[in-house]
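Below is protein23.txt, which holds compact mmCIF, C-alpha atoms.
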# COMPACT_ATOMS: atom_id res chain seq x y z
CA MET A 120 0.00 0.00 0.00
CA THR A 121 1.27 3.45 -0.91
CA ALA A 122 0.76 5.16 2.44
CA GLN A 123 2.64 2.41 4.22
CA ALA A 124 5.47 2.49 1.70
CA LYS A 125 5.83 6.24 1.89
CA THR A 126 5.83 6.10 5.68
CA LYS A 127 9.27 4.55 5.63
CA LYS A 128 10.69 7.64 4.04
CA GLY A 129 8.71 9.90 6.31
CA THR A 130 9.60 11.13 9.73
CA ALA A 131 9.85 8.55 12.45
CA MET A 132 9.12 9.37 16.06
CA ALA A 133 11.98 9.40 18.50
CA GLU A 134 12.91 5.87 19.43
CA LYS A 135 15.26 6.66 22.25
CA GLN A 136 12.64 6.88 24.93
CA GLU A 137 11.44 3.88 26.86
CA LEU A 138 7.91 2.73 26.16
CA SER A 139 5.54 3.06 29.05
CA VAL A 140 2.54 0.93 29.87
CA ARG A 141 -0.90 2.43 29.36
CA GLU A 142 -4.04 0.91 30.69
CA LYS A 143 -6.39 -0.08 27.89
CA LYS A 144 -9.33 2.25 27.59
CA GLU A 145 -12.65 0.54 27.80
CA MET A 146 -15.22 1.68 25.30
CA VAL A 147 -18.24 3.60 26.44
CA ALA A 148 -20.68 2.84 23.69
CA LYS A 149 -23.35 5.14 22.42
CA GLU A 150 -25.46 2.16 21.60
CA GLU A 151 -25.29 -0.73 23.98
CA LYS A 152 -24.11 -4.11 22.84
CA THR A 153 -26.36 -7.10 23.02
CA ILE A 154 -23.49 -9.54 23.36
CA PRO A 155 -21.64 -9.72 26.66
CA GLY A 156 -18.02 -8.77 26.89
CA ARG A 157 -15.95 -5.64 27.04
CA TYR A 158 -14.84 -3.61 24.08
CA TYR A 159 -11.70 -1.51 24.04
CA VAL A 160 -10.85 1.67 22.21
CA PRO A 161 -7.89 1.20 19.89
CA TYR A 162 -5.18 3.86 19.97
CA ALA A 163 -5.31 5.91 16.81
CA ASP A 164 -3.20 8.24 14.72
CA ILE A 165 -4.88 10.41 12.14
CA TYR A 166 -3.00 12.40 9.57
CA GLU A 167 -3.84 14.15 6.40
CA THR A 168 -1.96 14.66 3.19
CA ASP A 169 -2.99 16.66 0.13
CA ASP A 170 -4.92 13.81 -1.38
CA ALA A 171 -5.85 11.48 1.46
CA LEU A 172 -6.71 11.06 5.10
CA ALA A 173 -4.99 8.21 6.93
CA VAL A 174 -6.37 6.56 10.05
CA VAL A 175 -4.00 4.20 11.84
CA LEU A 176 -5.39 1.99 14.58
CA GLU A 177 -3.69 -0.43 16.95
CA MET A 178 -5.68 -3.62 17.20
CA PRO A 179 -3.37 -6.40 18.32
CA GLY A 180 -4.72 -9.91 17.92
CA VAL A 181 -7.35 -9.03 15.35
CA GLU A 182 -7.21 -11.06 12.17
CA LYS A 183 -8.11 -9.72 8.75
CA LYS A 184 -11.26 -11.83 8.57
CA ASP A 185 -12.54 -10.42 11.86
CA LEU A 186 -12.32 -6.79 10.81
CA ASN A 187 -15.33 -4.76 9.85
CA ILE A 188 -14.97 -1.30 8.36
CA ALA A 189 -18.02 0.73 7.41
CA LEU A 190 -18.59 4.26 6.25
CA GLU A 191 -22.06 5.69 6.54
CA ASN A 192 -23.21 9.32 6.71
CA ASP A 193 -19.62 10.51 7.11
CA VAL A 194 -19.12 8.23 10.12
CA LEU A 195 -16.33 5.72 9.80
CA ARG A 196 -16.80 2.69 12.04
CA VAL A 197 -14.11 0.14 12.69
CA ASP A 198 -14.84 -3.04 14.55
CA GLY A 199 -12.27 -5.76 15.22
CA GLN A 200 -13.11 -9.04 16.86
CA ILE A 201 -10.74 -11.18 18.86
CA ASP A 202 -10.84 -14.92 18.33
CA PHE A 203 -11.16 -16.32 21.83
CA THR A 204 -10.94 -19.93 20.78
CA LYS A 205 -7.16 -19.41 20.72
CA TYR A 206 -7.27 -19.24 24.51
CA LYS A 207 -8.95 -22.60 24.81
CA ASP A 208 -7.60 -24.78 27.65
CA MET A 209 -5.42 -21.94 28.86
CA GLU A 210 -5.69 -21.09 32.50
CA PRO A 211 -4.57 -17.60 33.57
CA VAL A 212 -2.05 -17.53 36.39
CA TYR A 213 -0.84 -13.94 36.19
CA THR A 214 -2.34 -11.12 34.12
CA GLU A 215 -1.48 -7.50 33.46
CA TYR A 216 -3.93 -6.59 30.73
CA ASN A 217 -7.32 -7.64 29.54
CA VAL A 218 -8.32 -8.86 26.11
CA GLY A 219 -11.37 -7.76 24.20
CA HIS A 220 -12.80 -6.69 20.90
CA TYR A 221 -12.01 -3.27 19.53
CA ALA A 222 -14.35 -0.63 18.20
CA ARG A 223 -14.05 3.02 17.36
CA SER A 224 -15.80 5.45 15.09
CA PHE A 225 -14.84 8.79 13.63
CA THR A 226 -16.87 11.51 12.03
CA LEU A 227 -15.13 12.58 8.87
CA SER A 228 -15.03 16.23 8.06
CA ASN A 229 -13.57 15.91 4.61
CA LYS A 230 -15.51 14.49 1.78
CA VAL A 231 -13.99 11.12 1.14
CA ASP A 232 -14.12 9.11 -2.03
CA GLN A 233 -15.91 6.09 -0.57
CA GLU A 234 -15.11 3.85 -3.51
CA LYS A 235 -11.37 4.24 -3.07
CA ILE A 236 -10.91 3.54 0.63
CA SER A 237 -8.16 1.02 1.18
CA ALA A 238 -7.17 -0.90 4.28
CA ASN A 239 -3.99 -2.64 5.31
CA LEU A 240 -3.44 -4.76 8.40
CA GLU A 241 0.14 -5.34 9.49
CA ASP A 242 1.50 -6.46 12.86
CA GLY A 243 -1.78 -5.63 14.59
CA VAL A 244 -1.92 -2.14 13.11
CA LEU A 245 -4.71 -1.21 10.74
CA THR A 246 -4.00 1.58 8.28
CA LEU A 247 -6.97 3.05 6.47
CA THR A 248 -6.32 5.33 3.55
CA LEU A 249 -9.29 7.49 2.65
CA PRO A 250 -8.64 9.37 -0.58
CA LYS A 251 -10.29 12.76 -0.69
CA ALA A 252 -13.01 13.29 -3.23
CA LYS A 253 -11.92 15.45 -6.14
CA HIS A 254 -13.89 18.50 -5.01
CA ALA A 255 -12.39 18.32 -1.53
CA GLN A 256 -8.83 18.54 -2.78
CA PRO A 257 -7.19 21.94 -2.79
CA ARG A 258 -7.86 23.61 -6.09
CA LYS A 259 -5.58 26.13 -7.61
CA ILE A 260 -7.42 29.13 -8.85
CA ALA A 261 -5.92 30.99 -11.70
CA ILE A 262 -6.14 34.73 -11.56
CA GLY A 263 -7.37 36.15 -14.79
CA MET B 121 -11.21 -22.75 32.13
CA ALA B 122 -13.12 -24.13 29.20
CA ILE B 123 -14.64 -21.93 26.54
CA LEU B 124 -17.80 -23.47 25.23
CA ASP B 125 -20.59 -21.01 24.64
CA PRO B 126 -19.32 -18.36 22.23
CA PHE B 127 -21.66 -15.71 23.67
CA ASP B 128 -20.62 -16.31 27.21
CA ALA B 129 -16.98 -16.96 26.39
CA LEU B 130 -15.78 -13.39 26.18
CA SER B 131 -17.16 -12.10 29.46
CA SER B 132 -16.14 -15.14 31.47
CA PHE B 133 -12.68 -15.00 29.93
CA GLN B 134 -12.39 -11.30 30.74
CA GLN B 135 -13.50 -11.97 34.30
CA ALA B 136 -10.90 -14.70 34.63
CA LEU B 137 -8.22 -12.33 33.36
CA ASP B 138 -9.28 -9.68 35.83
CA ALA B 139 -9.19 -12.13 38.71
CA TYR B 140 -5.51 -12.78 38.17
CA ARG B 141 -4.56 -9.14 37.79
CA THR B 142 -1.00 -8.88 39.08
CA SER B 143 -1.34 -11.92 41.25
CA SER B 144 1.66 -12.76 43.37
CA TRP B 145 2.40 -15.72 41.14
CA LEU B 146 5.22 -13.86 39.43
CA ASP B 147 7.67 -11.91 41.48
CA SER B 148 8.19 -9.23 38.88
CA SER B 149 10.43 -7.01 40.97
CA VAL B 150 13.27 -9.51 40.74
CA SER B 151 13.59 -9.32 36.97
CA GLY B 152 14.17 -5.63 36.55
CA GLY B 153 13.86 -3.95 33.19
CA GLY B 154 10.86 -1.97 32.03
CA ALA B 155 7.17 -2.67 32.42
CA TYR B 156 6.43 -2.65 28.70
CA PRO B 157 4.98 -4.76 27.23
CA PRO B 158 2.42 -5.90 29.78
CA VAL B 159 2.21 -9.68 29.84
CA ASN B 160 -0.36 -12.34 30.58
CA VAL B 161 0.82 -15.73 31.81
CA PHE B 162 -1.24 -18.84 31.23
CA ARG B 163 -0.86 -22.45 32.18
CA LYS B 164 -1.68 -25.13 29.67
CA ALA B 165 -1.28 -28.64 31.02
CA ASP B 166 2.34 -28.78 32.29
CA ASP B 167 3.59 -25.82 30.30
CA PHE B 168 3.34 -22.05 30.46
CA ILE B 169 2.47 -19.50 27.82
CA ILE B 170 3.35 -15.81 28.01
CA ILE B 171 1.37 -13.49 25.77
CA ALA B 172 2.16 -9.84 25.09
CA GLU B 173 0.60 -7.30 22.75
CA LEU B 174 3.11 -5.41 20.63
CA PRO B 175 1.12 -3.68 17.91
CA GLY B 176 3.26 -2.03 15.29
CA VAL B 177 6.45 -3.83 16.23
CA LYS B 178 8.03 -5.61 13.30
CA LYS B 179 9.19 -9.16 13.77
CA SER B 180 12.70 -8.08 12.80
CA ASP B 181 12.71 -5.47 15.59
CA LEU B 182 11.85 -8.03 18.23
CA ASP B 183 14.31 -10.11 20.22
CA VAL B 184 13.56 -12.89 22.70
CA GLN B 185 16.16 -14.48 24.98
CA VAL B 186 15.89 -17.25 27.55
CA LYS B 187 18.32 -17.84 30.35
CA GLY B 188 17.52 -20.14 33.22
CA ARG B 189 14.12 -19.10 34.51
CA THR B 190 14.21 -15.67 32.96
CA ILE B 191 12.79 -14.76 29.62
CA ARG B 192 13.62 -11.36 28.16
CA VAL B 193 11.80 -9.51 25.39
CA THR B 194 13.50 -6.49 23.87
CA GLY B 195 12.81 -4.38 20.83
CA THR B 196 11.86 -1.10 19.26
CA LYS B 197 8.56 0.22 18.11
CA THR B 198 8.52 2.83 15.39
CA VAL B 199 5.62 5.02 14.46
CA GLY B 200 6.11 6.77 11.15
CA TYR B 201 4.27 9.43 9.25
CA GLN B 202 4.24 10.42 5.67
CA GLU B 203 6.22 13.44 4.74
CA LYS B 204 4.24 16.67 4.58
CA ALA B 205 1.37 15.16 6.52
CA ALA B 206 -0.71 17.25 8.89
CA VAL B 207 -1.17 15.23 12.07
CA HIS B 208 -4.66 15.51 13.53
CA ARG B 209 -4.38 12.94 16.25
CA ARG B 210 -1.40 11.19 17.72
CA GLU B 211 -2.07 8.53 20.32
CA ARG B 212 0.30 5.78 19.31
CA LEU B 213 3.61 5.76 21.13
CA ALA B 214 7.01 4.79 19.83
CA GLY B 215 10.08 3.77 21.74
CA ARG B 216 12.21 0.91 22.86
CA PHE B 217 11.36 -1.73 25.41
CA ASP B 218 13.14 -4.28 27.54
CA ARG B 219 11.06 -6.59 29.64
CA ALA B 220 12.25 -9.53 31.67
CA VAL B 221 9.99 -12.07 33.29
CA THR B 222 11.26 -14.62 35.78
CA MET B 223 9.21 -17.76 35.95
CA PRO B 224 8.81 -19.64 39.23
CA VAL B 225 9.77 -22.91 37.52
CA GLU B 226 12.72 -24.05 35.43
CA MET B 227 12.09 -24.07 31.69
CA ASP B 228 13.57 -26.20 28.94
CA PRO B 229 15.37 -23.46 26.97
CA ASP B 230 15.84 -25.62 23.86
CA ARG B 231 12.14 -26.21 23.52
CA VAL B 232 10.98 -22.62 24.07
CA LYS B 233 8.99 -21.45 21.07
CA ALA B 234 8.06 -17.90 20.11
CA GLU B 235 5.28 -16.95 17.72
CA TYR B 236 4.46 -13.46 16.53
CA ARG B 237 1.23 -12.81 14.65
CA ASP B 238 -1.03 -9.79 14.24
CA GLY B 239 0.97 -7.81 16.78
CA VAL B 240 0.72 -10.47 19.47
CA LEU B 241 3.75 -12.32 20.80
CA ALA B 242 3.20 -15.78 22.26
CA LEU B 243 6.00 -17.56 24.09
CA PHE B 244 5.55 -21.26 24.71
CA LEU B 245 7.61 -22.32 27.70
CA PRO B 246 7.81 -26.03 28.33
CA ARG B 247 8.53 -26.95 31.89
CA ALA B 248 11.90 -28.61 32.37
CA GLU B 249 11.75 -32.36 32.85
CA SER B 250 13.17 -32.02 36.36
CA GLU B 251 10.28 -29.71 37.31
CA LYS B 252 7.52 -32.05 36.25
CA PRO B 253 5.55 -33.50 39.13
CA LYS B 254 6.23 -37.17 39.83
CA SER B 255 3.57 -39.50 41.07
CA ILE B 256 4.54 -41.21 44.27
CA LYS B 257 3.10 -44.56 44.97
CA VAL B 258 1.87 -44.97 48.48
CA ALA B 259 3.22 -48.21 49.80
What does the file become when written as structure tokens?
Amino acid sequence: MTAQAKTKKGTAMAEKQELSVREKKEMVAKEEKTIPGRYYVPYADIYETDDALAVVLEMPGVEKKDLNIALENDVLRVDGQIDFTKYKDMEPVYTEYNVGHYARSFTLSNKVDQEKISANLEDGVLTLTLPKAKHAQPRKIAIG
Amino acid sequence: MAILDPFDALSSFQQALDAYRTSSWLDSSVSGGGAYPPVNVFRKADDFIIIAELPGVKKSDLDVQVKGRTIRVTGTKTVGYQEKAAVHRRERLAGRFDRAVTMPVEMDPDRVKAEYRDGVLALFLPRAESEKPKSIKVA
């Protein structure tokens, strides 16, 4: 994917500092879920270039097939399910974090070309590239 | 803990994870190093499994070492942006990490397996033969 490829050339955040532990943020849903279980809010980075908006979400443990991305009325919804069958026959003895599905939605301010949205999942990080619709891109106006 | 009903599975699993929140099973202070990444330790039959979430860390930037009872996970996480991008929201953190976990039992270092998929690291730690419980026949 282009955004991912270009990222390598782009600016990388300082790597010298030590990573700290952050408690996962539990989701407070606008609509309540009918299935039991906690949802978490994935950490997100959002950045914009001249022709696209990129949304990067951290969703460790979510497989491609368990991802659901929807765009409706300018609201982008991302839902990632965790496959709990992997934890079958495993008995916790010591835990520091909890595991759950992920969900987050964003209201998009820019008009996005819905047909051209692309998604890439790599190492538990989902990168969504939302190309701007032609009319939303900066237009150069010639002075007559 | 058996997972049977898919609808009930998640909440009971989450409750089980909460119940063992920083239990005294691991004496983490001995190991030193940083606190990132947080780990979950599971028992499966005789063996142990350590699971850690490392979203955005490339397999090539991850290093796992085993020595005696201690397992050490080190690496770097990079968060990159495109050039000339206007950043609207920045929540993801980058940096290096060094975490050591000392297990209460001896492991078989030659049989330790590490798997990294979808940003989740799983370490399979087989218990050393000498640590396995022996049945004693009552005479």
Quick one: which chain B residues come within 7 Å of chain A, and what is the nearest atom pair for each with the distance in Å to one decimal, counting all atoms listed in the file, rows ordered by chain and ascending number, as a Markdown table?
| residue | atom | partner | partner_atom | distance |
| --- | --- | --- | --- | --- |
| B:Met121 | CA | A:Glu210 | CA | 5.8 |
| B:Ala122 | CA | A:Asp208 | CA | 5.8 |
| B:Ile123 | CA | A:Lys207 | CA | 6.0 |
| B:Phe127 | CA | A:Ile154 | CA | 6.4 |
| B:Asp128 | CA | A:Pro155 | CA | 6.7 |
| B:Leu130 | CA | A:Gly156 | CA | 5.2 |
| B:Ser131 | CA | A:Gly156 | CA | 4.3 |
| B:Gln134 | CA | A:Asn217 | CA | 6.4 |
| B:Leu137 | CA | A:Thr214 | CA | 6.1 |
| B:Asp138 | CA | A:Asn217 | CA | 6.9 |
| B:Tyr140 | CA | A:Tyr213 | CA | 5.2 |
| B:Arg141 | CA | A:Thr214 | CA | 4.7 |
| B:Thr142 | CA | A:Thr214 | CA | 5.6 |
| B:Ser143 | CA | A:Tyr213 | CA | 5.5 |
| B:Trp145 | CA | A:Tyr213 | CA | 6.2 |
| B:Leu146 | CA | A:Tyr213 | CA | 6.9 |
| B:Ala155 | CA | A:Val140 | CA | 6.4 |
| B:Tyr156 | CA | A:Val140 | CA | 5.4 |
| B:Pro157 | CA | A:Val140 | CA | 6.7 |
| B:Pro158 | CA | A:Glu215 | CA | 5.6 |
| B:Val159 | CA | A:Glu215 | CA | 5.6 |
| B:Asn160 | CA | A:Thr214 | CA | 4.2 |
| B:Val161 | CA | A:Tyr213 | CA | 5.0 |
| B:Phe162 | CA | A:Pro211 | CA | 4.3 |
| B:Arg163 | CA | A:Glu210 | CA | 5.0 |
| B:Lys164 | CA | A:Met209 | CA | 5.0 |
| B:Glu173 | CA | A:Pro179 | CA | 6.0 |
| B:Leu174 | CA | A:Pro179 | CA | 7.0 |
| B:Pro175 | CA | A:Gly243 | CA | 4.8 |
| B:Gly176 | CA | A:Asp242 | CA | 5.4 |
| B:Val177 | CA | A:Asp242 | CA | 6.5 |
| B:Lys178 | CA | A:Asp242 | CA | 6.6 |
| B:Thr198 | CA | A:Ala131 | CA | 6.6 |
| B:Val199 | CA | A:Met132 | CA | 5.8 |
| B:Gly200 | CA | A:Ala131 | CA | 4.3 |
| B:Tyr201 | CA | A:Thr126 | CA | 5.1 |
| B:Gln202 | CA | A:Gly129 | CA | 4.5 |
| B:Glu203 | CA | A:Gly129 | CA | 4.6 |
| B:Lys204 | CA | A:Thr168 | CA | 6.7 |
| B:Ala205 | CA | A:Thr168 | CA | 4.7 |
| B:Ala206 | CA | A:Glu167 | CA | 5.1 |
| B:Val207 | CA | A:Tyr166 | CA | 4.2 |
| B:His208 | CA | A:Ile165 | CA | 5.3 |
| B:Arg209 | CA | A:Ile165 | CA | 4.9 |
| B:Arg210 | CA | A:Asp164 | CA | 4.6 |
| B:Glu211 | CA | A:Ala163 | CA | 5.4 |
| B:Arg212 | CA | A:Tyr162 | CA | 5.8 |
| B:Ala214 | CA | A:Glu134 | CA | 6.0 |
| B:Gly215 | CA | A:Glu134 | CA | 4.2 |
| B:Arg216 | CA | A:Glu137 | CA | 5.0 |
| B:Phe217 | CA | A:Leu138 | CA | 5.7 |
| B:Arg237 | CA | A:Asp242 | CA | 6.6 |
| B:Asp238 | CA | A:Gly243 | CA | 4.2 |
| B:Gly239 | CA | A:Gly243 | CA | 4.1 |
| B:Val240 | CA | A:Gly180 | CA | 5.7 |
- In Å, with one decimal, what is the gap from CA of Pro257 in chain A to CA of Ser224 in chain A? 25.8 Å
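Interatomic distance, CA of Gln200 in chain A against CA of Ala222 in chain A: 8.6 Å.
Going from CA of Leu182 in chain B to CA of Gly199 in chain A covers 24.4 Å.
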- Task: Kindly indicate which residue among A:Asp170, A:Ile188, A:Met146, A:Val197 lies nearest to Ala252 in chain A, using only C-alpha atoms for the distances.
- Result: A:Asp170
- Message: Env of range 246-249 of chain B: 7 Å cut, atoms = only C-alpha atoms, seq-sep filter 4 positions within chain, self excluded. Answer as an NGL selection string.
- Response: :B and (166-168 or 226-228 or 231-232)
Counting all atoms listed in the file, which residues come within 8 Å of (-13.3, 1.7, 22.2), with the point read in the file's coordinates, and could you list them as an mmCIF file with C-alpha atoms, keeping the file's coordinate frame?
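Wrote it out as result39.cif, contents follow:
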data_model
loop_
_atom_site.group_PDB
_atom_site.id
_atom_site.type_symbol
_atom_site.label_atom_id
_atom_site.label_comp_id
_atom_site.auth_asym_id
_atom_site.auth_seq_id
_atom_site.Cartn_x
_atom_site.Cartn_y
_atom_site.Cartn_z
ATOM 1 C CA LYS A 144 -9.330 2.250 27.590
ATOM 2 C CA GLU A 145 -12.650 0.540 27.800
ATOM 3 C CA MET A 146 -15.220 1.680 25.300
ATOM 4 C CA VAL A 147 -18.240 3.600 26.440
ATOM 5 C CA ALA A 148 -20.680 2.840 23.690
ATOM 6 C CA TYR A 158 -14.840 -3.610 24.080
ATOM 7 C CA TYR A 159 -11.700 -1.510 24.040
ATOM 8 C CA VAL A 160 -10.850 1.670 22.210
ATOM 9 C CA PRO A 161 -7.890 1.200 19.890
ATOM 10 C CA TYR A 221 -12.010 -3.270 19.530
ATOM 11 C CA ALA A 222 -14.350 -0.630 18.200
ATOM 12 C CA ARG A 223 -14.050 3.020 17.360
#
